[in-house]
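Novice: Take this structure first; my questions come after.
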Amino acid sequence: MKRYVIAGNGVAAVGCIEGIRSFDREGEITVISEENYPVYSRPLISYLLEGKTDTERMKYRPDCFYEENGCRVFYGRRAVSVNAAKHTVTTDDGNTVPYDNLCVAVGSRPFVPPFEGLDTVENKFSFMALDDALALDAALFESASVLIVGAGLIGLKCAEGIRDRVGSVTVCDLADRVLSSILDADCAAAVQKHLEQNGIYFMLGNTVQRFEGNRAYMKSGVTVDFDFVVLAVGVRANSELVKNAGGEVNRGIIVDDKMKTTLDGVYAAGDCAEGYDASLGARRVIAILPNAYMQGYTAGVNMAGGERAFNNAFPMNSIGFFGLHIMTAGVYDGESFEDRKNGSIRRFFVKDRRLAGFILIGETDRAGICTSLIRERTPLDTVDFDLTKKIASNLIFSQDIRRKKFGGVV
Amino acid sequence: MKRVYVNEEWCLGCHLCEYNCAYANSGLKDMVVALKDKKIFPRIHVDGEDKITFAVSCRHCTDPLCVKSCIAGAIYKQNGVVKIDRSKCVGCLTCVLVCPYGALAPGEDGIMQKCELCLDNSCGLPACVTGCPNRAIVYEERSEAE
């Protein structure tokens, strides 16, 4: 009987478990879970603060999940080292667990720059895990002033989640625009305006120089007084387990399209892994939930002796703020096309006759049809791309292709 | 497994499937109360333009991207049918971004809903199929498309 060990208990771990079980119902699965919770949906923590979900509904899988999949879970335990030669993992309580195949799915951690005086700030929070959200939830009060450092996906979702629960929300970022990882300047300006109309205050191209208690001295010379500061500057992949065991790492743990690391019998998946981005044509960490699941699933199938490659990964995001939806995918490279109407922006990037990426703001109906053009690397001269620029419709495909897409089991 | 298929040559573009879907999923007995003067949010949509029309609803894929991509773990597969637990959905629309068929759209409340083949509602058989005046929409077992 094969022994599988999964370090981590997030979405990539679930993918891995389900991947293993699609092939091997018998093998023994051990999950090492640093958090004391069964798997939950981390992207939902802002909705928790907003009151749109609760810890029960945030459960990513039903309570019976581990039992039904024959997993034993070590809660509150962290994998601290891997012995690649002996095929063992050691946990922080000194327990050594042998494996035939190991999946490292330990995610990422908040990156906190060395701000001067940060140690003098009493009320500081990260915004990544459930415990971060619960701590913030318990601390917030109606007249509180909150400073969020970082105008990325995490910082802005936090801003939306707490706006109605506090007096003021100020977001600062060294970048000169919001969501700089997924939006270009024009689109970022449109989103920023919408956020401002909904009561979020911005200080962009500006960051904290030093903290002194509940006051931030900004680069621009102004000071910001706050009751709470949320640090949402960025994240770093947890790659040390594999690195210290002699495996190859870069920004994340390097994996091939089967999610194998350079260590024998060791796989990696999720936010700690650096796999191939088909839209970029190079390796990079794609820290999004769908990617975590698919990488985990791929790892699981291969660990259990199946054959599965995940070779069409690319970044994509669907995110909404105060009713405005934003969808992005791929890379913003090549010739760009834009269609604006009724406050919506649809921007497409075309390279080598193929859709490289897109940004949709507002009008997002059926956007998956556009995403599929990136995923399938569809030559754009085989579809009605002029129509795609205006509206996502299956009419862009020829009748033959539509018959294939809709005429049978897919 | 039986699925809903549309023959686009026979589709009249009458949108009756959308109304029958909205009614079947309204939970209401009276069609007039359910639909009159209301903007409807059906789980099937007529795609196309004047000359070519075809109704699109969930394909209930063998390997569904929406299930794997849902950030809330709200979409799942049960006996081949792709279903959603609406109480878990937060309306992020990631499923809309990944569905290659453009088959998913949110409900009136911004929370996702989807075709579950009318297996659990009052209709019992896909309402879009039973109400299609030209029999363009069928509910049958097929293998992969030729």
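A note on labels: chains of the structure tokens are A, B, ... as shown, every chain counts residues from 1, and ligands are counted from 1 in their shown order.
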Hey, what does DSSP flag as strand (DSSP E) within region 145-314 of chain A? Can you give it to me as a PyMOL selection string?
Specialist: chain A and resi 145-149+168-173+200-204+208-212+215-218+223-225+228-231+235-237+253-254+266-268+273-277+282-284
Novice: Include N, CA and C atoms and write out the residues we just selected as a short mmCIF file (atom, residue, chain, number, x, y, z; two decimals), in the first residue's frame.
Specialist:
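Just written: result_4.cif:
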data_model
loop_
_atom_site.label_atom_id
_atom_site.label_comp_id
_atom_site.auth_asym_id
_atom_site.auth_seq_id
_atom_site.Cartn_x
_atom_site.Cartn_y
_atom_site.Cartn_z
N SER A 145 -10.29 54.27 12.31
CA SER A 145 -9.60 54.64 11.08
C SER A 145 -8.65 53.50 10.74
N VAL A 146 -8.75 53.03 9.50
CA VAL A 146 -7.92 51.90 9.11
C VAL A 146 -7.00 52.31 7.97
N LEU A 147 -5.74 52.00 8.10
CA LEU A 147 -4.77 52.22 7.03
C LEU A 147 -4.40 50.85 6.46
N ILE A 148 -4.60 50.71 5.15
CA ILE A 148 -4.22 49.46 4.49
C ILE A 148 -3.00 49.74 3.63
N VAL A 149 -1.92 49.01 3.87
CA VAL A 149 -0.71 49.20 3.09
C VAL A 149 -0.70 48.15 1.98
N SER A 168 -13.20 55.13 8.64
CA SER A 168 -12.52 55.48 7.39
C SER A 168 -11.53 54.40 6.98
N VAL A 169 -11.38 54.26 5.65
CA VAL A 169 -10.41 53.30 5.11
C VAL A 169 -9.50 54.04 4.14
N THR A 170 -8.21 54.06 4.43
CA THR A 170 -7.21 54.67 3.55
C THR A 170 -6.30 53.57 3.04
N VAL A 171 -6.08 53.57 1.72
CA VAL A 171 -5.20 52.55 1.13
C VAL A 171 -4.00 53.26 0.50
N CYS A 172 -2.81 52.85 0.88
CA CYS A 172 -1.62 53.42 0.24
C CYS A 172 -0.86 52.33 -0.49
N ASP A 173 -0.13 52.75 -1.53
CA ASP A 173 0.70 51.78 -2.26
C ASP A 173 1.82 52.54 -2.94
N ILE A 200 -13.59 54.70 -0.36
CA ILE A 200 -12.22 54.31 -0.04
C ILE A 200 -11.30 55.47 -0.42
N TYR A 201 -10.39 55.81 0.46
CA TYR A 201 -9.48 56.92 0.20
C TYR A 201 -8.10 56.37 -0.18
N PHE A 202 -7.49 56.95 -1.23
CA PHE A 202 -6.21 56.42 -1.71
C PHE A 202 -5.05 57.38 -1.56
N MET A 203 -3.88 56.82 -1.26
CA MET A 203 -2.62 57.55 -1.31
C MET A 203 -1.68 56.68 -2.15
N LEU A 204 -1.65 56.96 -3.47
CA LEU A 204 -0.86 56.10 -4.36
C LEU A 204 0.48 56.77 -4.69
N VAL A 208 4.55 54.12 3.45
CA VAL A 208 4.93 54.47 4.81
C VAL A 208 6.45 54.50 4.92
N GLN A 209 6.97 55.60 5.43
CA GLN A 209 8.42 55.69 5.66
C GLN A 209 8.75 55.12 7.03
N ARG A 210 7.94 55.55 8.03
CA ARG A 210 8.12 54.95 9.36
C ARG A 210 6.83 55.04 10.16
N PHE A 211 6.72 54.15 11.10
CA PHE A 211 5.57 54.14 12.01
C PHE A 211 6.02 54.65 13.37
N GLU A 212 5.10 55.31 14.05
CA GLU A 212 5.34 55.67 15.44
C GLU A 212 4.03 55.47 16.17
N ARG A 215 0.62 56.23 14.33
CA ARG A 215 0.81 57.24 13.29
C ARG A 215 1.80 56.73 12.25
N ALA A 216 1.43 56.97 10.96
CA ALA A 216 2.34 56.61 9.88
C ALA A 216 2.87 57.89 9.25
N TYR A 217 4.18 57.96 9.10
CA TYR A 217 4.80 59.09 8.39
C TYR A 217 5.03 58.64 6.96
N MET A 218 4.34 59.32 6.03
CA MET A 218 4.38 58.87 4.65
C MET A 218 5.57 59.48 3.92
N THR A 223 1.24 62.83 7.38
CA THR A 223 1.11 61.78 8.38
C THR A 223 -0.31 61.22 8.33
N VAL A 224 -0.46 59.97 8.68
CA VAL A 224 -1.77 59.33 8.74
C VAL A 224 -1.93 58.72 10.13
N ASP A 225 -2.98 59.15 10.83
CA ASP A 225 -3.27 58.54 12.12
C ASP A 225 -4.27 57.41 11.92
N PHE A 228 -5.99 51.00 13.25
CA PHE A 228 -5.48 49.69 12.81
C PHE A 228 -4.70 49.86 11.53
N VAL A 229 -3.68 49.07 11.36
CA VAL A 229 -3.00 49.01 10.07
C VAL A 229 -3.06 47.57 9.57
N VAL A 230 -3.40 47.43 8.27
CA VAL A 230 -3.41 46.11 7.64
C VAL A 230 -2.27 46.08 6.63
N LEU A 231 -1.38 45.12 6.78
CA LEU A 231 -0.23 45.02 5.90
C LEU A 231 -0.53 44.02 4.80
N VAL A 235 2.93 38.70 -1.11
CA VAL A 235 3.15 37.38 -0.49
C VAL A 235 4.43 36.76 -1.03
N ARG A 236 4.96 35.82 -0.28
CA ARG A 236 6.13 35.06 -0.69
C ARG A 236 5.82 33.58 -0.61
N ALA A 237 6.25 32.85 -1.61
CA ALA A 237 6.03 31.40 -1.62
C ALA A 237 6.82 30.74 -0.50
N ILE A 253 8.74 26.86 -5.63
CA ILE A 253 9.34 25.54 -5.85
C ILE A 253 9.15 25.18 -7.33
N ILE A 254 10.23 24.86 -8.00
CA ILE A 254 10.14 24.60 -9.43
C ILE A 254 9.51 23.23 -9.69
N VAL A 266 8.93 13.76 -4.81
CA VAL A 266 8.36 14.96 -4.19
C VAL A 266 7.69 15.84 -5.25
N TYR A 267 6.46 16.18 -4.99
CA TYR A 267 5.67 17.05 -5.87
C TYR A 267 5.37 18.34 -5.12
N ALA A 268 4.99 19.37 -5.86
CA ALA A 268 4.57 20.62 -5.21
C ALA A 268 3.39 21.20 -5.98
N ALA A 273 4.31 26.81 -5.49
CA ALA A 273 4.93 26.19 -6.66
C ALA A 273 5.12 27.17 -7.80
N GLU A 274 6.15 26.95 -8.57
CA GLU A 274 6.42 27.77 -9.75
C GLU A 274 6.41 26.86 -10.97
N GLY A 275 5.31 26.90 -11.69
CA GLY A 275 5.16 26.05 -12.88
C GLY A 275 5.17 26.90 -14.14
N TYR A 276 4.86 26.25 -15.25
CA TYR A 276 4.92 26.93 -16.54
C TYR A 276 3.64 27.71 -16.79
N ASP A 277 3.80 28.98 -17.15
CA ASP A 277 2.66 29.83 -17.53
C ASP A 277 2.59 29.86 -19.04
N ALA A 282 6.87 31.14 -19.96
CA ALA A 282 7.96 30.99 -18.99
C ALA A 282 7.35 30.53 -17.67
N ARG A 283 8.21 30.13 -16.75
CA ARG A 283 7.72 29.70 -15.44
C ARG A 283 7.41 30.89 -14.56
N ARG A 284 6.35 30.80 -13.78
CA ARG A 284 6.12 31.77 -12.71
C ARG A 284 5.10 31.23 -11.71
#
Novice: Excluding region 16-21 of chain B and residues on its chain fewer than 2 positions from it, collect all residues at most 6 Å away from it, counting only C-alpha atoms, and give them as a list of chain:residue names.
Specialist: B:Cys14, B:Tyr23, B:Ala24, B:Pro42, B:Ile44, B:Ala127, B:Cys128
Novice: Give me, as CSV, each residue of chain B that comes within 9 Å of chain A, together with its shortest interatomic pair and the distance in Å at one decimal, counting only C-alpha atoms, with rows ordered by chain and rising residue number.
Specialist:
residue,atom,partner,partner_atom,distance
B:Arg3,CA,A:Val409,CA,8.2
B:Tyr5,CA,A:Gly407,CA,6.4
B:Val6,CA,A:Phe406,CA,7.3
B:Asn7,CA,A:Gly407,CA,7.9
B:Glu8,CA,A:Arg403,CA,8.7
B:Asp47,CA,A:Ser393,CA,6.6
B:Gly48,CA,A:Leu395,CA,5.6
B:Glu49,CA,A:Leu395,CA,8.0
B:Ile52,CA,A:Leu395,CA,8.1
B:Thr53,CA,A:Leu395,CA,8.6
B:Val56,CA,A:Phe406,CA,8.3
B:Arg59,CA,A:Val410,CA,7.0
B:His60,CA,A:Val410,CA,7.9
B:Cys61,CA,A:Val410,CA,5.2
B:Thr62,CA,A:Val410,CA,6.2
B:Asp63,CA,A:Val410,CA,8.0
B:Pro64,CA,A:Val410,CA,9.0
B:Leu65,CA,A:Pro290,CA,8.6
B:Cys66,CA,A:Pro290,CA,8.9
B:Lys68,CA,A:Pro290,CA,6.1
B:Ser69,CA,A:Pro290,CA,4.1
B:Cys70,CA,A:Pro290,CA,7.1
B:Ile71,CA,A:Leu289,CA,6.2
B:Ala72,CA,A:Ser41,CA,5.5
B:Gly73,CA,A:Tyr60,CA,4.6
B:Ala74,CA,A:Tyr60,CA,7.5
B:Ser87,CA,A:Arg57,CA,7.1
B:Lys88,CA,A:Arg57,CA,5.3
B:Cys89,CA,A:Thr53,CA,8.5
B:Val90,CA,A:Lys52,CA,6.9
B:Gly91,CA,A:Gly320,CA,8.5
B:Cys92,CA,A:Ile319,CA,5.8
B:Leu93,CA,A:Ser318,CA,6.1
B:Thr94,CA,A:Ser318,CA,5.1
B:Cys95,CA,A:Gly368,CA,7.9
B:Val96,CA,A:Gly368,CA,5.7
B:Leu97,CA,A:Gly368,CA,4.2
B:Val98,CA,A:Gly368,CA,4.6
B:Cys99,CA,A:Gly368,CA,4.7
B:Pro100,CA,A:Ile369,CA,4.7
B:Tyr101,CA,A:Ile369,CA,6.0
B:Gly102,CA,A:Arg366,CA,4.1
B:Ala103,CA,A:Arg366,CA,6.9
B:Leu104,CA,A:Arg366,CA,7.0
B:Ala105,CA,A:Asp365,CA,7.2
B:Gly110,CA,A:Gly323,CA,8.9
B:Glu141,CA,A:Val409,CA,8.8
B:Arg142,CA,A:Gly408,CA,5.8
B:Ser143,CA,A:Val409,CA,5.5
B:Glu144,CA,A:Gly408,CA,4.6
B:Ala145,CA,A:Gly408,CA,4.1
B:Glu146,CA,A:Lys404,CA,7.0
Novice: Which residue, B:Asp30, B:Asp37, B:Glu116, B:Glu140, has the smallest gap to Val82 (chain B) when you use only C-alpha atoms?
Specialist: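 For Val82 (chain B), the nearest of the candidates is B:Glu116.
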Novice: Mind checking DSSP for region 213-323 of chain A and telling me the alpha helix (DSSP H) residues as a ChimeraX atom specification?
Specialist: /A:240-244,289-303
Novice: Hey, what's within 8 Å of Glu28 (chain A) if we count only C-alpha atoms and toss same-chain stuff fewer than 6 positions away? As a list in words, please?
Specialist: Met1, Lys2, Arg3, Tyr4, Gly70 and Cys71 of chain A
Novice: Export, as a tab-separated table (two decimals), in the first residue's frame, the selected residues with C-alpha atoms.
Specialist:
chain	number	residue	atom	x	y	z
A	1	MET	CA	0.00	0.00	0.00
A	2	LYS	CA	1.36	3.36	-1.03
A	3	ARG	CA	1.99	6.05	1.56
A	4	TYR	CA	1.15	9.59	0.51
A	70	GLY	CA	-9.42	7.94	4.07
A	71	CYS	CA	-7.09	10.73	5.17
Novice: Which polymer residues have any atom within 12 Å of an atom of Glu335 (chain A), counting only C-alpha atoms, with same-chain residues fewer than 2 positions away left out, as a PDB file with N, CA and C atoms, in the first residue's frame?
Specialist:
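Generated output (out34.pdb):
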ATOM      1  N   VAL A 331      -1.618  37.506 -20.510  1.00  0.00           N
ATOM      2  CA  VAL A 331      -0.624  38.588 -20.433  1.00  0.00           C
ATOM      3  C   VAL A 331      -1.056  39.737 -21.345  1.00  0.00           C
ATOM      4  N   TYR A 332      -0.627  40.944 -20.988  1.00  0.00           N
ATOM      5  CA  TYR A 332      -1.034  42.125 -21.757  1.00  0.00           C
ATOM      6  C   TYR A 332       0.090  42.499 -22.697  1.00  0.00           C
ATOM      7  N   ASP A 333       0.206  41.693 -23.736  1.00  0.00           N
ATOM      8  CA  ASP A 333       1.336  41.786 -24.638  1.00  0.00           C
ATOM      9  C   ASP A 333       0.790  41.783 -26.067  1.00  0.00           C
ATOM     10  N   PHE A 337      -6.733  45.979 -28.483  1.00  0.00           N
ATOM     11  CA  PHE A 337      -8.007  46.435 -29.037  1.00  0.00           C
ATOM     12  C   PHE A 337      -8.918  46.791 -27.886  1.00  0.00           C
ATOM     13  N   GLU A 338      -9.695  47.838 -28.085  1.00  0.00           N
ATOM     14  CA  GLU A 338     -10.550  48.241 -26.982  1.00  0.00           C
ATOM     15  C   GLU A 338     -11.946  48.595 -27.442  1.00  0.00           C
ATOM     16  N   ARG A 347     -10.876  45.170 -23.129  1.00  0.00           N
ATOM     17  CA  ARG A 347      -9.571  45.364 -23.774  1.00  0.00           C
ATOM     18  C   ARG A 347      -8.927  44.007 -24.046  1.00  0.00           C
ATOM     19  N   PHE A 348      -8.517  43.823 -25.297  1.00  0.00           N
ATOM     20  CA  PHE A 348      -7.939  42.538 -25.716  1.00  0.00           C
ATOM     21  C   PHE A 348      -6.526  42.730 -26.240  1.00  0.00           C
ATOM     22  N   PHE A 349      -5.686  41.750 -25.977  1.00  0.00           N
ATOM     23  CA  PHE A 349      -4.299  41.803 -26.431  1.00  0.00           C
ATOM     24  C   PHE A 349      -4.034  40.598 -27.334  1.00  0.00           C
ATOM     25  N   VAL A 350      -3.556  40.888 -28.540  1.00  0.00           N
ATOM     26  CA  VAL A 350      -3.375  39.843 -29.546  1.00  0.00           C
ATOM     27  C   VAL A 350      -1.910  39.751 -29.938  1.00  0.00           C
ATOM     28  N   LYS A 351      -1.391  38.531 -29.894  1.00  0.00           N
ATOM     29  CA  LYS A 351      -0.005  38.319 -30.296  1.00  0.00           C
ATOM     30  C   LYS A 351       0.088  37.024 -31.084  1.00  0.00           C
ATOM     31  N   ASP A 352       0.823  37.038 -32.176  1.00  0.00           N
ATOM     32  CA  ASP A 352       1.010  35.845 -33.014  1.00  0.00           C
ATOM     33  C   ASP A 352      -0.330  35.202 -33.376  1.00  0.00           C
ATOM     34  N   ARG A 353      -1.284  36.005 -33.812  1.00  0.00           N
ATOM     35  CA  ARG A 353      -2.619  35.541 -34.251  1.00  0.00           C
ATOM     36  C   ARG A 353      -3.425  34.896 -33.137  1.00  0.00           C
ATOM     37  N   ARG A 354      -2.965  35.059 -31.897  1.00  0.00           N
ATOM     38  CA  ARG A 354      -3.713  34.424 -30.807  1.00  0.00           C
ATOM     39  C   ARG A 354      -4.024  35.427 -29.707  1.00  0.00           C
ATOM     40  N   LEU A 355      -5.076  35.144 -28.964  1.00  0.00           N
ATOM     41  CA  LEU A 355      -5.419  36.023 -27.848  1.00  0.00           C
ATOM     42  C   LEU A 355      -4.414  35.784 -26.712  1.00  0.00           C
ATOM     43  N   ALA A 356      -3.697  36.843 -26.345  1.00  0.00           N
ATOM     44  CA  ALA A 356      -2.684  36.716 -25.290  1.00  0.00           C
ATOM     45  C   ALA A 356      -3.285  37.015 -23.929  1.00  0.00           C
ATOM     46  N   GLY A 357      -4.217  37.969 -23.900  1.00  0.00           N
ATOM     47  CA  GLY A 357      -4.821  38.321 -22.618  1.00  0.00           C
ATOM     48  C   GLY A 357      -5.982  39.277 -22.799  1.00  0.00           C
ATOM     49  N   PHE A 358      -6.715  39.541 -21.727  1.00  0.00           N
ATOM     50  CA  PHE A 358      -7.794  40.539 -21.788  1.00  0.00           C
ATOM     51  C   PHE A 358      -8.074  41.122 -20.421  1.00  0.00           C
TER      52      PHE A 358
END
Novice: Just to confirm, what's the straight-line distance from CA of Gly270 (chain A) to CA of Val255 (chain A) in Å (one decimal)?
Specialist: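 Separation of CA of Gly270 (chain A) and CA of Val255 (chain A): 10.6 Å.
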Novice: Find the spatial neighbours of Ala138 (chain A), counting only C-alpha atoms, within a cut-off of 12 Å - ignore same-chain residues fewer than 3 positions away - and output them as a list in words.
Specialist: Leu48, Leu49, Asn123, Phe125, Asp131, Asp132, Ala133, Leu134, Ala135, Phe141, Glu142, Ile162 and Arg165 of chain A
